Structure formats: structure tokens, C-alpha cells
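Below: model.cif (mmCIF, C-alpha atoms and all ligand atoms)
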data_model
loop_
_atom_site.label_atom_id
_atom_site.label_comp_id
_atom_site.auth_asym_id
_atom_site.auth_seq_id
_atom_site.Cartn_x
_atom_site.Cartn_y
_atom_site.Cartn_z
CA MET A 1 89.52 150.66 61.73
CA GLN A 2 85.93 150.86 62.68
CA ALA A 3 83.81 147.78 63.27
CA LYS A 4 80.86 147.32 60.98
CA PHE A 5 77.62 146.78 62.80
CA LEU A 6 74.90 144.67 61.29
CA THR A 7 71.56 146.27 60.58
CA SER A 8 68.55 144.78 62.29
CA VAL A 9 67.38 143.39 58.96
CA GLU A 10 70.70 141.59 58.52
CA VAL A 11 70.55 140.23 62.07
CA GLN A 12 67.05 138.97 61.50
CA SER A 13 68.04 137.26 58.28
CA LEU A 14 70.98 135.56 60.05
CA GLN A 15 68.73 134.40 62.87
CA GLU A 16 66.31 132.89 60.39
CA ARG A 17 69.09 131.02 58.61
CA LEU A 18 70.50 129.81 61.91
CA SER A 19 67.19 128.41 63.04
CA LEU A 20 66.74 126.71 59.67
CA TYR A 21 70.16 125.05 60.04
CA GLU A 22 69.31 123.95 63.56
CA LYS A 23 66.15 122.26 62.31
CA GLN A 24 68.10 120.55 59.52
CA ILE A 25 70.73 119.30 61.96
CA GLU A 26 68.06 117.93 64.30
CA ALA A 27 66.45 116.13 61.35
CA LEU A 28 69.83 114.67 60.32
CA LYS A 29 70.58 113.44 63.83
CA LYS A 30 67.52 111.23 63.57
CA ARG A 31 69.08 109.48 60.56
CA VAL A 32 72.79 109.24 61.24
CA ILE A 33 73.86 105.71 62.15
CA CYS A 34 76.73 105.31 64.58
CA THR A 35 80.24 104.68 63.27
CA ARG A 36 81.81 101.25 62.67
CA LYS A 37 83.90 101.81 65.76
CA ASP A 38 80.76 102.41 67.84
CA GLN A 39 79.07 99.35 66.33
CA GLU A 40 82.07 97.27 67.33
CA ALA A 41 81.97 98.77 70.83
CA LEU A 42 78.30 97.77 71.13
CA ARG A 43 79.14 94.22 70.05
CA VAL A 44 82.03 93.99 72.52
CA ARG A 45 79.83 95.28 75.36
CA GLY A 46 77.16 92.75 74.47
CA ARG A 47 79.70 89.95 74.67
CA ALA A 48 81.06 91.25 77.99
CA ARG A 49 77.54 91.33 79.42
CA MET A 50 76.94 87.77 78.24
CA ILE A 51 80.14 86.63 79.94
CA GLU A 52 78.92 88.20 83.19
CA LEU A 53 75.66 86.32 82.88
CA LEU A 54 76.84 82.98 81.55
CA GLY A 55 80.38 82.68 82.79
CA ASP A 56 83.76 82.36 81.13
CA PRO A 57 83.70 82.00 77.31
CA ASP A 58 85.38 78.60 77.70
CA SER A 59 82.75 77.34 80.10
CA GLU A 60 80.14 74.76 79.10
CA ASN A 61 77.40 77.14 80.20
CA PHE A 62 78.61 79.92 77.93
CA LYS A 63 79.01 77.61 74.94
CA ALA A 64 75.63 75.99 75.47
CA ASN A 65 73.67 79.21 75.98
CA LYS A 66 75.41 82.02 74.14
CA ARG A 67 73.31 81.69 71.00
CA ARG A 68 70.03 81.94 72.91
CA GLY A 69 71.44 84.61 75.20
CA PHE A 70 72.54 86.92 72.38
CA SER A 71 69.25 86.40 70.61
CA MET A 72 67.37 87.47 73.77
CA LEU A 73 69.62 90.46 74.40
CA TRP A 74 69.59 91.82 70.85
CA SER A 75 65.91 91.20 70.32
CA GLU A 76 65.06 93.28 73.40
CA TYR A 77 67.60 95.87 72.27
CA ARG A 78 65.90 96.17 68.89
CA GLN A 79 62.51 96.49 70.57
CA TRP A 80 63.86 99.27 72.78
CA PHE A 81 65.44 101.25 69.94
CA LYS A 82 62.69 100.53 67.43
CA PRO A 83 62.67 100.62 64.46
CA ILE A 84 66.13 99.12 63.94
CA ARG A 85 66.86 95.74 62.41
CA SER A 86 70.22 95.23 64.06
CA TYR A 87 72.21 96.85 66.85
CA ARG A 88 74.52 97.94 64.03
CA ASP A 89 71.78 100.34 62.92
CA THR A 90 71.89 102.17 66.25
CA LEU A 91 71.67 105.89 65.64
CA GLU A 92 74.60 108.00 66.71
CA LYS A 93 72.33 109.93 69.07
CA ASP A 94 71.32 106.63 70.75
CA TYR A 95 74.82 105.21 71.15
CA ASP A 96 75.28 106.11 74.84
CA ALA A 97 71.80 104.86 75.65
CA GLY A 98 72.64 101.67 73.74
CA ILE A 99 75.74 101.02 75.84
CA LYS A 100 73.72 101.66 78.99
CA PHE A 101 70.95 99.33 77.82
CA ILE A 102 73.44 96.50 77.27
CA GLU A 103 75.25 97.03 80.56
CA GLU A 104 72.00 97.08 82.51
CA TRP A 105 70.21 94.35 80.61
CA ILE A 106 68.81 91.74 82.96
CA PRO A 107 67.08 88.66 81.62
CA SER A 108 63.64 87.86 83.00
CA VAL A 109 63.46 85.08 85.60
CA GLN A 110 62.27 82.68 82.92
CA GLN A 111 65.05 83.68 80.57
CA ALA A 112 67.58 83.43 83.40
CA ILE A 113 66.50 79.87 84.18
CA SER A 114 66.59 78.86 80.52
CA LEU A 115 70.07 80.39 80.19
CA SER A 116 71.36 78.90 83.44
CA CYS A 117 71.84 82.35 84.92
CA CYS A 118 71.18 82.73 88.61
CA PRO A 119 67.37 83.23 88.78
CA LEU A 120 67.62 85.16 92.05
CA CYS A 121 69.86 88.03 91.01
CA GLN A 122 69.72 87.45 87.20
CA GLN A 123 73.19 88.93 87.21
CA GLN A 124 75.63 86.05 87.36
CA PRO A 125 76.01 82.52 86.04
CA GLY A 126 74.24 79.81 88.02
CA MET A 127 76.98 77.47 89.16
CA THR A 128 75.70 75.98 92.40
CA GLU A 129 72.67 73.73 92.49
CA ILE A 130 70.33 74.27 95.43
CA ASP A 131 66.80 72.85 95.51
CA ASP A 132 66.81 72.22 91.74
CA LEU A 133 67.82 75.83 91.01
CA LYS A 134 71.23 76.81 89.79
CA LEU A 135 72.31 79.84 91.77
CA CYS A 136 75.36 82.05 91.51
CA ARG A 137 77.99 81.77 94.22
CA SER A 138 76.90 84.90 96.10
CA CYS A 139 73.20 83.97 96.15
CA ALA A 140 74.01 80.35 97.09
CA LYS A 141 76.11 81.63 99.97
CA ILE A 142 73.28 83.81 101.29
CA ILE A 143 70.78 80.92 101.04
CA ASN A 144 73.16 78.52 102.80
CA GLU A 145 73.87 81.01 105.58
CA GLY A 146 70.12 81.36 106.19
CA ARG A 147 69.73 77.67 106.82
ZN ZN B 201 72.64 85.29 92.13
#
Go ahead and render the structure in this file as C-alpha cells.
Amino acid sequence: MQAKFLTSVEVQSLQERLSLYEKQIEALKKRVICTRKDQEALRVRGRARMIELLGDPDSENFKANKRRGFSMLWSEYRQWFKPIRSYRDTLEKDYDAGIKFIEEWIPSVQQAISLSCCPLCQQQPGMTEIDDLKLCRSCAKIINEGR
């Protein structure tokens, strides 16, 4: 059997259709919202990040500050991925960036103080009081060693 070769007109017509499909797919990607499973993963990551910042979910600090903390986190998230009204509206194409945003989210110094996060590293719960500031264990240790 002999292979049938496409004429240059046929090739050109295929190329045109292909590039049309590519444009349509690109346009769709800007509209497709991530799956339920991804939305749940974003929520779980957000909670894990809040536990890093505020401490154990059973702790007083977590209970007292979680509402404000989540509101700060998700409001900055929505600003970053504008225009979305909830993290659940994250586009599929932005999912990885969304996870990264949450994992790397650091409250401002002011936010950290109002949330009782360590204002020095803004990475861990402030558990140890030094000079009216609540610092995390690692930062408190460094300050104490310097004295
Ligand atoms: Zn610290």
C-alpha cells in the first residue's frame, strides 16, 4: 500500500484549523475554574498555613485569630488573582500559582502583631513575650542569646 501525501493546499487548511483551535483553547483556559478537588486542596493549604502562623488548632491563639487571619489571607489572595470573588473561583491555569501564593503568604508586620504571629519572622506563632512583643520560640531564642 502506498501512503497518501497531502497536497500543500490540504496542509495549509489543516494548519489554519489547528491555529484556530489553539486560539480557542487559550480563550477557554482563561475561563475554566479549577475542580472541586483543587478548591478543597486550596482550602486545606490555607488552613495549614494558618496553623503555621497561629499555632495548633486547639490553641487559644488559633481560636481567637483564625477568623481575622483567614479574612486577611483570602482577601489578599483575591486581590492577587483578580477578578475572583472567592478562592473557589481560582482558574485551573492559576491553581499552582494559588498553592504557591498560600504557602508563601506572609502577613505584614501590623497584621502579624494583630494576629499574635511573631512580628520578626512573620512565620510562626508568637508564644514568648519579650519587651511587649510576642515572639516565636526561634526568634525569642536569638534575642535572648544576644543579651
Ligand atoms: Zn519569629
Adding 5 Å on each side of the box along x, y and z that holds all listed atoms of segment 73-77 of chain A, could you give its centre and edge lengths in Å to one decimal, as JSON?
{"center_x": 67.3, "center_y": 93.2, "center_z": 72.4, "size_x": 14.6, "size_y": 15.4, "size_z": 14.1}
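Atom CA of Leu135 of chain A to atom CA of Ser116 of chain A spans 8.4 Å [interatomic distance, one decimal].
Residue nearest ligand ZN 201 (chain B), chosen from A:Glu52, A:Glu60, A:Glu26, A:Glu40 and counting all atoms listed in the file: A:Glu52.
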Within-12 Å residues of ligand ZN 201 (chain B), basis all atoms listed in the file, as a PyMOL selection string: chain A and resi 52-54+106+109+112-113+116-130+133-143
Between atom CA of Lys82 of chain A and atom CA of Arg43 of chain A, what is the distance, to one decimal in Å? 17.8 Å
In Å, how far is it from atom CA of Glu16 of chain A to atom CA of Leu28 of chain A? 18.6 Å
Can you list, as a PyMOL selection string, every protein, DNA or RNA residue that comes within 9 Å of Ser86 of chain A when you count all atoms listed in the file, leaving out same-chain residues fewer than 3 positions away? chain A and resi 74-75+77-78+89-90
Could you list, as a list in words, every residue within 10 Å of Phe62 of chain A, counting all atoms listed in the file and ignoring same-chain residues fewer than 3 positions away? Met50, Ile51, Glu52, Leu53, Leu54, Gly55, Asp56, Pro57, Asp58, Ser59, Asn65, Lys66, Arg67, Gly69, Leu115, Ser116 and Pro125 of chain A
Please identify all polymer residues within 12 Å of Tyr95 of chain A, counting all atoms listed in the file, omitting same-chain residues fewer than 2 positions from it, and present them as a tab-separated table (two decimals) with C-alpha atoms, in the coordinates of the input.
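Output (out_9.tsv):
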chain	number	residue	atom	x	y	z
A	29	LYS	CA	70.58	113.44	63.83
A	32	VAL	CA	72.79	109.24	61.24
A	33	ILE	CA	73.86	105.71	62.15
A	34	CYS	CA	76.73	105.31	64.58
A	35	THR	CA	80.24	104.68	63.27
A	36	ARG	CA	81.81	101.25	62.67
A	37	LYS	CA	83.90	101.81	65.76
A	38	ASP	CA	80.76	102.41	67.84
A	39	GLN	CA	79.07	99.35	66.33
A	40	GLU	CA	82.07	97.27	67.33
A	41	ALA	CA	81.97	98.77	70.83
A	42	LEU	CA	78.30	97.77	71.13
A	43	ARG	CA	79.14	94.22	70.05
A	45	ARG	CA	79.83	95.28	75.36
A	77	TYR	CA	67.60	95.87	72.27
A	81	PHE	CA	65.44	101.25	69.94
A	87	TYR	CA	72.21	96.85	66.85
A	88	ARG	CA	74.52	97.94	64.03
A	89	ASP	CA	71.78	100.34	62.92
A	90	THR	CA	71.89	102.17	66.25
A	91	LEU	CA	71.67	105.89	65.64
A	92	GLU	CA	74.60	108.00	66.71
A	93	LYS	CA	72.33	109.93	69.07
A	97	ALA	CA	71.80	104.86	75.65
A	98	GLY	CA	72.64	101.67	73.74
A	99	ILE	CA	75.74	101.02	75.84
A	100	LYS	CA	73.72	101.66	78.99
A	101	PHE	CA	70.95	99.33	77.82
A	102	ILE	CA	73.44	96.50	77.27
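Distance check against Arg49 of chain A using all atoms listed in the file: of A:Gln12, A:Trp80, A:Glu145, A:Leu73, the minimum falls on A:Leu73.
Remark: for Glu104 of chain A, the closest of the candidate residues A:Ser71, A:Leu6, A:Leu14, A:Gly46 is A:Gly46 (distances computed over only C-alpha atoms).
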As a PDB file, in the coordinates of the input, please: segment 81-105 of chain A completed to N, CA and C atoms.
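Result file is part22.pdb:
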ATOM      1  N   PHE A  81      65.000 100.180  70.839  1.00  0.00           N
ATOM      2  CA  PHE A  81      65.440 101.250  69.940  1.00  0.00           C
ATOM      3  C   PHE A  81      64.711 101.182  68.593  1.00  0.00           C
ATOM      4  N   LYS A  82      63.517 100.640  68.626  1.00  0.00           N
ATOM      5  CA  LYS A  82      62.690 100.530  67.430  1.00  0.00           C
ATOM      6  C   LYS A  82      62.677 101.830  66.639  1.00  0.00           C
ATOM      7  N   PRO A  83      62.653 101.821  65.313  1.00  0.00           N
ATOM      8  CA  PRO A  83      62.670 100.620  64.460  1.00  0.00           C
ATOM      9  C   PRO A  83      64.062 100.356  63.886  1.00  0.00           C
ATOM     10  N   ILE A  84      64.841  99.504  64.532  1.00  0.00           N
ATOM     11  CA  ILE A  84      66.130  99.120  63.940  1.00  0.00           C
ATOM     12  C   ILE A  84      66.131  97.611  63.728  1.00  0.00           C
ATOM     13  N   ARG A  85      66.867  97.164  62.726  1.00  0.00           N
ATOM     14  CA  ARG A  85      66.860  95.740  62.410  1.00  0.00           C
ATOM     15  C   ARG A  85      68.061  95.026  63.007  1.00  0.00           C
ATOM     16  N   SER A  86      69.048  95.818  63.443  1.00  0.00           N
ATOM     17  CA  SER A  86      70.220  95.230  64.060  1.00  0.00           C
ATOM     18  C   SER A  86      70.820  96.304  64.976  1.00  0.00           C
ATOM     19  N   TYR A  87      71.552  95.863  65.987  1.00  0.00           N
ATOM     20  CA  TYR A  87      72.210  96.850  66.850  1.00  0.00           C
ATOM     21  C   TYR A  87      73.186  97.709  66.037  1.00  0.00           C
ATOM     22  N   ARG A  88      73.607  97.169  64.880  1.00  0.00           N
ATOM     23  CA  ARG A  88      74.520  97.940  64.030  1.00  0.00           C
ATOM     24  C   ARG A  88      73.853  99.164  63.417  1.00  0.00           C
ATOM     25  N   ASP A  89      72.519  99.183  63.441  1.00  0.00           N
ATOM     26  CA  ASP A  89      71.780 100.340  62.920  1.00  0.00           C
ATOM     27  C   ASP A  89      71.504 101.377  64.000  1.00  0.00           C
ATOM     28  N   THR A  90      72.093 101.204  65.169  1.00  0.00           N
ATOM     29  CA  THR A  90      71.890 102.170  66.250  1.00  0.00           C
ATOM     30  C   THR A  90      72.262 103.573  65.775  1.00  0.00           C
ATOM     31  N   LEU A  91      71.370 104.522  66.041  1.00  0.00           N
ATOM     32  CA  LEU A  91      71.670 105.890  65.640  1.00  0.00           C
ATOM     33  C   LEU A  91      72.763 106.461  66.536  1.00  0.00           C
ATOM     34  N   GLU A  92      73.518 107.376  65.947  1.00  0.00           N
ATOM     35  CA  GLU A  92      74.600 108.000  66.710  1.00  0.00           C
ATOM     36  C   GLU A  92      74.076 108.633  67.994  1.00  0.00           C
ATOM     37  N   LYS A  93      72.892 109.253  67.899  1.00  0.00           N
ATOM     38  CA  LYS A  93      72.330 109.930  69.070  1.00  0.00           C
ATOM     39  C   LYS A  93      71.917 108.930  70.156  1.00  0.00           C
ATOM     40  N   ASP A  94      71.748 107.643  69.779  1.00  0.00           N
ATOM     41  CA  ASP A  94      71.320 106.630  70.750  1.00  0.00           C
ATOM     42  C   ASP A  94      72.478 105.785  71.262  1.00  0.00           C
ATOM     43  N   TYR A  95      73.692 106.070  70.812  1.00  0.00           N
ATOM     44  CA  TYR A  95      74.820 105.210  71.150  1.00  0.00           C
ATOM     45  C   TYR A  95      75.032 105.059  72.671  1.00  0.00           C
ATOM     46  N   ASP A  96      75.058 106.181  73.383  1.00  0.00           N
ATOM     47  CA  ASP A  96      75.280 106.110  74.840  1.00  0.00           C
ATOM     48  C   ASP A  96      74.163 105.330  75.524  1.00  0.00           C
ATOM     49  N   ALA A  97      72.939 105.586  75.083  1.00  0.00           N
ATOM     50  CA  ALA A  97      71.800 104.860  75.650  1.00  0.00           C
ATOM     51  C   ALA A  97      71.905 103.369  75.321  1.00  0.00           C
ATOM     52  N   GLY A  98      72.476 103.059  74.146  1.00  0.00           N
ATOM     53  CA  GLY A  98      72.640 101.670  73.740  1.00  0.00           C
ATOM     54  C   GLY A  98      73.624 100.943  74.665  1.00  0.00           C
ATOM     55  N   ILE A  99      74.748 101.596  74.927  1.00  0.00           N
ATOM     56  CA  ILE A  99      75.740 101.020  75.840  1.00  0.00           C
ATOM     57  C   ILE A  99      75.117 100.783  77.218  1.00  0.00           C
ATOM     58  N   LYS A 100      74.371 101.762  77.683  1.00  0.00           N
ATOM     59  CA  LYS A 100      73.720 101.660  78.990  1.00  0.00           C
ATOM     60  C   LYS A 100      72.699 100.514  78.994  1.00  0.00           C
ATOM     61  N   PHE A 101      71.952 100.408  77.912  1.00  0.00           N
ATOM     62  CA  PHE A 101      70.950  99.330  77.820  1.00  0.00           C
ATOM     63  C   PHE A 101      71.638  97.972  77.978  1.00  0.00           C
ATOM     64  N   ILE A 102      72.743  97.788  77.247  1.00  0.00           N
ATOM     65  CA  ILE A 102      73.440  96.500  77.270  1.00  0.00           C
ATOM     66  C   ILE A 102      73.992  96.216  78.668  1.00  0.00           C
ATOM     67  N   GLU A 103      74.628  97.232  79.246  1.00  0.00           N
ATOM     68  CA  GLU A 103      75.250  97.030  80.560  1.00  0.00           C
ATOM     69  C   GLU A 103      74.215  96.703  81.630  1.00  0.00           C
ATOM     70  N   GLU A 104      73.019  97.269  81.469  1.00  0.00           N
ATOM     71  CA  GLU A 104      72.000  97.080  82.510  1.00  0.00           C
ATOM     72  C   GLU A 104      70.995  96.003  82.167  1.00  0.00           C
ATOM     73  N   TRP A 105      71.185  95.355  81.014  1.00  0.00           N
ATOM     74  CA  TRP A 105      70.210  94.350  80.610  1.00  0.00           C
ATOM     75  C   TRP A 105      70.183  93.178  81.589  1.00  0.00           C
TER      76      TRP A 105
END
